[in-house]
Amino acid sequence: MASPLRHRQTGASLLEVLIAILIMSFGLLALAGLAASSQQYVKLSQFQSIASQLASEYGERMRGNIDGFTSDAYNKTSAYLADPVEAAGCSTGECDAAALAVADKADWLARLRTGLPGGVADVLRDTAYPLAADIWILWTEPSLANDAASSLQAQTFSADDCPAPAVASLASGQPMPRCTHFRVSL
């Protein structure tokens, strides 16, 4: 009796191909998510670098005007996203230490607002150590969103990261800004 011929399979079945495509698509989606989050971290690093440069610049402005610093003219405490300080007319002629401090503060806050999204600062001279100041720089942290209507959304941070006077006026639904603290000694 002749045995039936066995048919040997010589290729991949359709089911195996579909499973391979499914596994590859999950891998590609994971890579796309990784690329999006890496862009977010690059932007965060850029904002932290800008904040560090601006804090250093403000410290140098304070060092250049010790009389204005010791008279607390460089202090700035206000609510987040408050109105900017108006500049004094100090650029055309001679001015005293207080007027120079007001001009420095206005120029620095303008640079802060253009360099960081929603950028503001809270600056206080240390009462225990009179030649030191605490600089808090606050900004709204954008994140990548998958929403077609908006490419940026604000992330939420803890209120413990920011100085209390700066965030006291935030509405309950408003996202917390990112806060970075710098200590400057003259």
# chains A, B, ... in the order shown; residues from 1 in each chain; ligands from 1
>>> residues_around(residues="segment 101-112 of chain A", least_positions_apart="3", cutoff="10 Å", atoms="only C-alpha atoms", output="number ranges by chain")
A: 50-51, 54-55, 57-58, 61-62, 64-69, 71-76, 84-91, 95-98, 115-121, 137-139
>>> write_last_selection(atoms="C-alpha atoms", output="PDB file, in the first residue's frame")
ATOM      1  CA  ILE A  50      18.606  79.464  30.592  1.00  0.00           C
ATOM      2  CA  ALA A  51      17.421  79.791  34.201  1.00  0.00           C
ATOM      3  CA  LEU A  54      19.821  84.332  34.097  1.00  0.00           C
ATOM      4  CA  ALA A  55      20.380  83.735  37.831  1.00  0.00           C
ATOM      5  CA  GLU A  57      23.538  87.331  35.357  1.00  0.00           C
ATOM      6  CA  TYR A  58      21.305  88.789  38.083  1.00  0.00           C
ATOM      7  CA  ARG A  61      24.206  92.808  38.439  1.00  0.00           C
ATOM      8  CA  MET A  62      23.830  92.731  42.232  1.00  0.00           C
ATOM      9  CA  GLY A  64      28.023  95.548  40.448  1.00  0.00           C
ATOM     10  CA  ASN A  65      25.658  97.610  42.620  1.00  0.00           C
ATOM     11  CA  ILE A  66      26.351  96.696  46.263  1.00  0.00           C
ATOM     12  CA  ASP A  67      24.570  99.808  47.582  1.00  0.00           C
ATOM     13  CA  GLY A  68      21.424  98.900  45.662  1.00  0.00           C
ATOM     14  CA  PHE A  69      21.688  95.317  46.885  1.00  0.00           C
ATOM     15  CA  SER A  71      19.098  98.586  50.316  1.00  0.00           C
ATOM     16  CA  ASP A  72      16.965  95.631  49.080  1.00  0.00           C
ATOM     17  CA  ALA A  73      16.360  97.317  45.730  1.00  0.00           C
ATOM     18  CA  TYR A  74      17.000  94.018  43.907  1.00  0.00           C
ATOM     19  CA  ASN A  75      14.354  92.118  45.898  1.00  0.00           C
ATOM     20  CA  LYS A  76      11.296  91.011  44.003  1.00  0.00           C
ATOM     21  CA  PRO A  84       6.525  93.364  35.090  1.00  0.00           C
ATOM     22  CA  VAL A  85       8.576  96.093  36.751  1.00  0.00           C
ATOM     23  CA  GLU A  86       8.810  99.319  34.790  1.00  0.00           C
ATOM     24  CA  ALA A  87      12.306 100.465  33.873  1.00  0.00           C
ATOM     25  CA  ALA A  88      13.725 103.722  35.141  1.00  0.00           C
ATOM     26  CA  GLY A  89      15.294 106.219  32.752  1.00  0.00           C
ATOM     27  CA  CYS A  90      18.832 105.355  33.823  1.00  0.00           C
ATOM     28  CA  SER A  91      20.366 104.678  30.421  1.00  0.00           C
ATOM     29  CA  CYS A  95      21.649 107.628  38.340  1.00  0.00           C
ATOM     30  CA  ASP A  96      21.836 106.545  41.953  1.00  0.00           C
ATOM     31  CA  ALA A  97      22.071 102.961  43.227  1.00  0.00           C
ATOM     32  CA  ALA A  98      18.299 102.570  43.670  1.00  0.00           C
ATOM     33  CA  GLY A 115      13.836  83.403  27.601  1.00  0.00           C
ATOM     34  CA  LEU A 116      11.425  81.167  29.513  1.00  0.00           C
ATOM     35  CA  PRO A 117       7.723  80.479  28.869  1.00  0.00           C
ATOM     36  CA  GLY A 118       5.809  82.341  31.566  1.00  0.00           C
ATOM     37  CA  GLY A 119       9.130  83.205  33.218  1.00  0.00           C
ATOM     38  CA  VAL A 120       9.092  85.170  36.463  1.00  0.00           C
ATOM     39  CA  ALA A 121      11.315  85.334  39.534  1.00  0.00           C
ATOM     40  CA  ILE A 137      13.054  81.313  38.841  1.00  0.00           C
ATOM     41  CA  LEU A 138       9.615  80.051  37.818  1.00  0.00           C
ATOM     42  CA  TRP A 139       8.328  79.071  34.383  1.00  0.00           C
TER      43      TRP A 139
END
>>> decode(residues="segment 56-71 of chain A", atoms="all heavy atoms", output="compact mmCIF listing (two decimals), in the first residue's frame")
# COMPACT_ATOMS: atom_id res chain seq x y z
N SER A 56 22.73 83.69 37.26
CA SER A 56 24.12 84.15 37.34
C SER A 56 24.23 85.60 36.90
O SER A 56 24.94 86.40 37.52
CB SER A 56 24.99 83.25 36.46
OG SER A 56 26.30 83.71 36.44
N GLU A 57 23.52 85.95 35.84
CA GLU A 57 23.54 87.33 35.36
C GLU A 57 22.98 88.29 36.41
O GLU A 57 23.55 89.36 36.65
CB GLU A 57 22.71 87.44 34.08
CG GLU A 57 22.59 88.85 33.55
CD GLU A 57 21.61 88.97 32.41
OE1 GLU A 57 21.40 87.99 31.68
OE2 GLU A 57 21.04 90.07 32.25
N TYR A 58 21.89 87.91 37.07
CA TYR A 58 21.30 88.79 38.08
C TYR A 58 22.25 88.92 39.28
O TYR A 58 22.36 90.01 39.86
CB TYR A 58 19.94 88.25 38.52
CG TYR A 58 19.05 89.30 39.14
CD1 TYR A 58 18.72 90.46 38.46
CD2 TYR A 58 18.50 89.11 40.40
CE1 TYR A 58 17.90 91.42 39.01
CE2 TYR A 58 17.67 90.05 40.97
CZ TYR A 58 17.37 91.21 40.27
OH TYR A 58 16.55 92.15 40.84
N GLY A 59 22.92 87.83 39.63
CA GLY A 59 23.92 87.91 40.70
C GLY A 59 25.03 88.88 40.35
O GLY A 59 25.50 89.65 41.21
N GLU A 60 25.48 88.87 39.10
CA GLU A 60 26.53 89.81 38.68
C GLU A 60 26.03 91.25 38.71
O GLU A 60 26.77 92.17 39.05
CB GLU A 60 27.04 89.45 37.28
CG GLU A 60 27.81 88.16 37.22
CD GLU A 60 29.03 88.14 38.13
OE1 GLU A 60 29.74 89.18 38.22
OE2 GLU A 60 29.27 87.10 38.76
N ARG A 61 24.78 91.45 38.36
CA ARG A 61 24.21 92.81 38.44
C ARG A 61 24.17 93.28 39.89
O ARG A 61 24.42 94.45 40.18
CB ARG A 61 22.80 92.83 37.82
CG ARG A 61 22.80 92.70 36.32
CD ARG A 61 21.37 92.62 35.79
NE ARG A 61 21.35 92.36 34.38
CZ ARG A 61 20.77 93.17 33.48
NH1 ARG A 61 20.17 94.26 33.87
NH2 ARG A 61 20.78 92.86 32.21
N MET A 62 23.84 92.38 40.82
CA MET A 62 23.83 92.73 42.23
C MET A 62 25.24 93.03 42.73
O MET A 62 25.44 93.97 43.52
CB MET A 62 23.22 91.60 43.06
CG MET A 62 21.73 91.45 42.88
SD MET A 62 21.05 90.24 44.03
CE MET A 62 20.69 88.91 42.92
N ARG A 63 26.23 92.26 42.27
CA ARG A 63 27.62 92.51 42.66
C ARG A 63 28.11 93.85 42.15
O ARG A 63 28.95 94.51 42.78
CB ARG A 63 28.53 91.40 42.12
CG ARG A 63 28.46 90.13 42.88
CD ARG A 63 29.47 89.10 42.36
NE ARG A 63 29.23 87.84 42.98
CZ ARG A 63 28.58 86.83 42.43
NH1 ARG A 63 28.11 86.93 41.20
NH2 ARG A 63 28.41 85.71 43.08
N GLY A 64 27.62 94.27 41.03
CA GLY A 64 28.02 95.55 40.45
C GLY A 64 27.37 96.74 41.11
O GLY A 64 27.78 97.88 40.87
N ASN A 65 26.38 96.52 41.95
CA ASN A 65 25.66 97.61 42.62
C ASN A 65 25.39 97.19 44.07
O ASN A 65 24.27 96.94 44.47
CB ASN A 65 24.35 97.90 41.88
CG ASN A 65 23.61 99.10 42.42
OD1 ASN A 65 24.10 99.80 43.30
ND2 ASN A 65 22.43 99.33 41.89
N ILE A 66 26.46 97.15 44.87
CA ILE A 66 26.35 96.70 46.26
C ILE A 66 25.41 97.59 47.06
O ILE A 66 24.63 97.11 47.89
CB ILE A 66 27.75 96.64 46.92
CG1 ILE A 66 28.64 95.63 46.22
CG2 ILE A 66 27.65 96.32 48.40
CD1 ILE A 66 28.25 94.20 46.43
N ASP A 67 25.45 98.90 46.83
CA ASP A 67 24.57 99.81 47.58
C ASP A 67 23.10 99.52 47.27
O ASP A 67 22.26 99.53 48.17
CB ASP A 67 24.90 101.27 47.25
CG ASP A 67 26.25 101.69 47.79
OD1 ASP A 67 26.73 101.06 48.76
OD2 ASP A 67 26.84 102.64 47.23
N GLY A 68 22.79 99.25 46.03
CA GLY A 68 21.42 98.90 45.66
C GLY A 68 21.02 97.56 46.24
O GLY A 68 19.89 97.36 46.67
N PHE A 69 21.97 96.63 46.31
CA PHE A 69 21.69 95.32 46.88
C PHE A 69 21.42 95.41 48.38
O PHE A 69 20.45 94.82 48.88
CB PHE A 69 22.86 94.37 46.61
CG PHE A 69 22.70 93.03 47.24
CD1 PHE A 69 21.84 92.09 46.69
CD2 PHE A 69 23.40 92.69 48.39
CE1 PHE A 69 21.67 90.85 47.26
CE2 PHE A 69 23.25 91.45 48.97
CZ PHE A 69 22.39 90.53 48.41
N THR A 70 22.26 96.14 49.10
CA THR A 70 22.08 96.23 50.55
C THR A 70 20.85 97.04 50.94
O THR A 70 20.36 96.91 52.06
CB THR A 70 23.34 96.83 51.22
OG1 THR A 70 23.63 98.09 50.63
CG2 THR A 70 24.52 95.90 51.08
N SER A 71 20.34 97.85 50.03
CA SER A 71 19.10 98.59 50.32
C SER A 71 17.86 97.80 49.86
O SER A 71 16.76 98.34 49.82
CB SER A 71 19.13 99.95 49.65
OG SER A 71 19.08 99.80 48.24
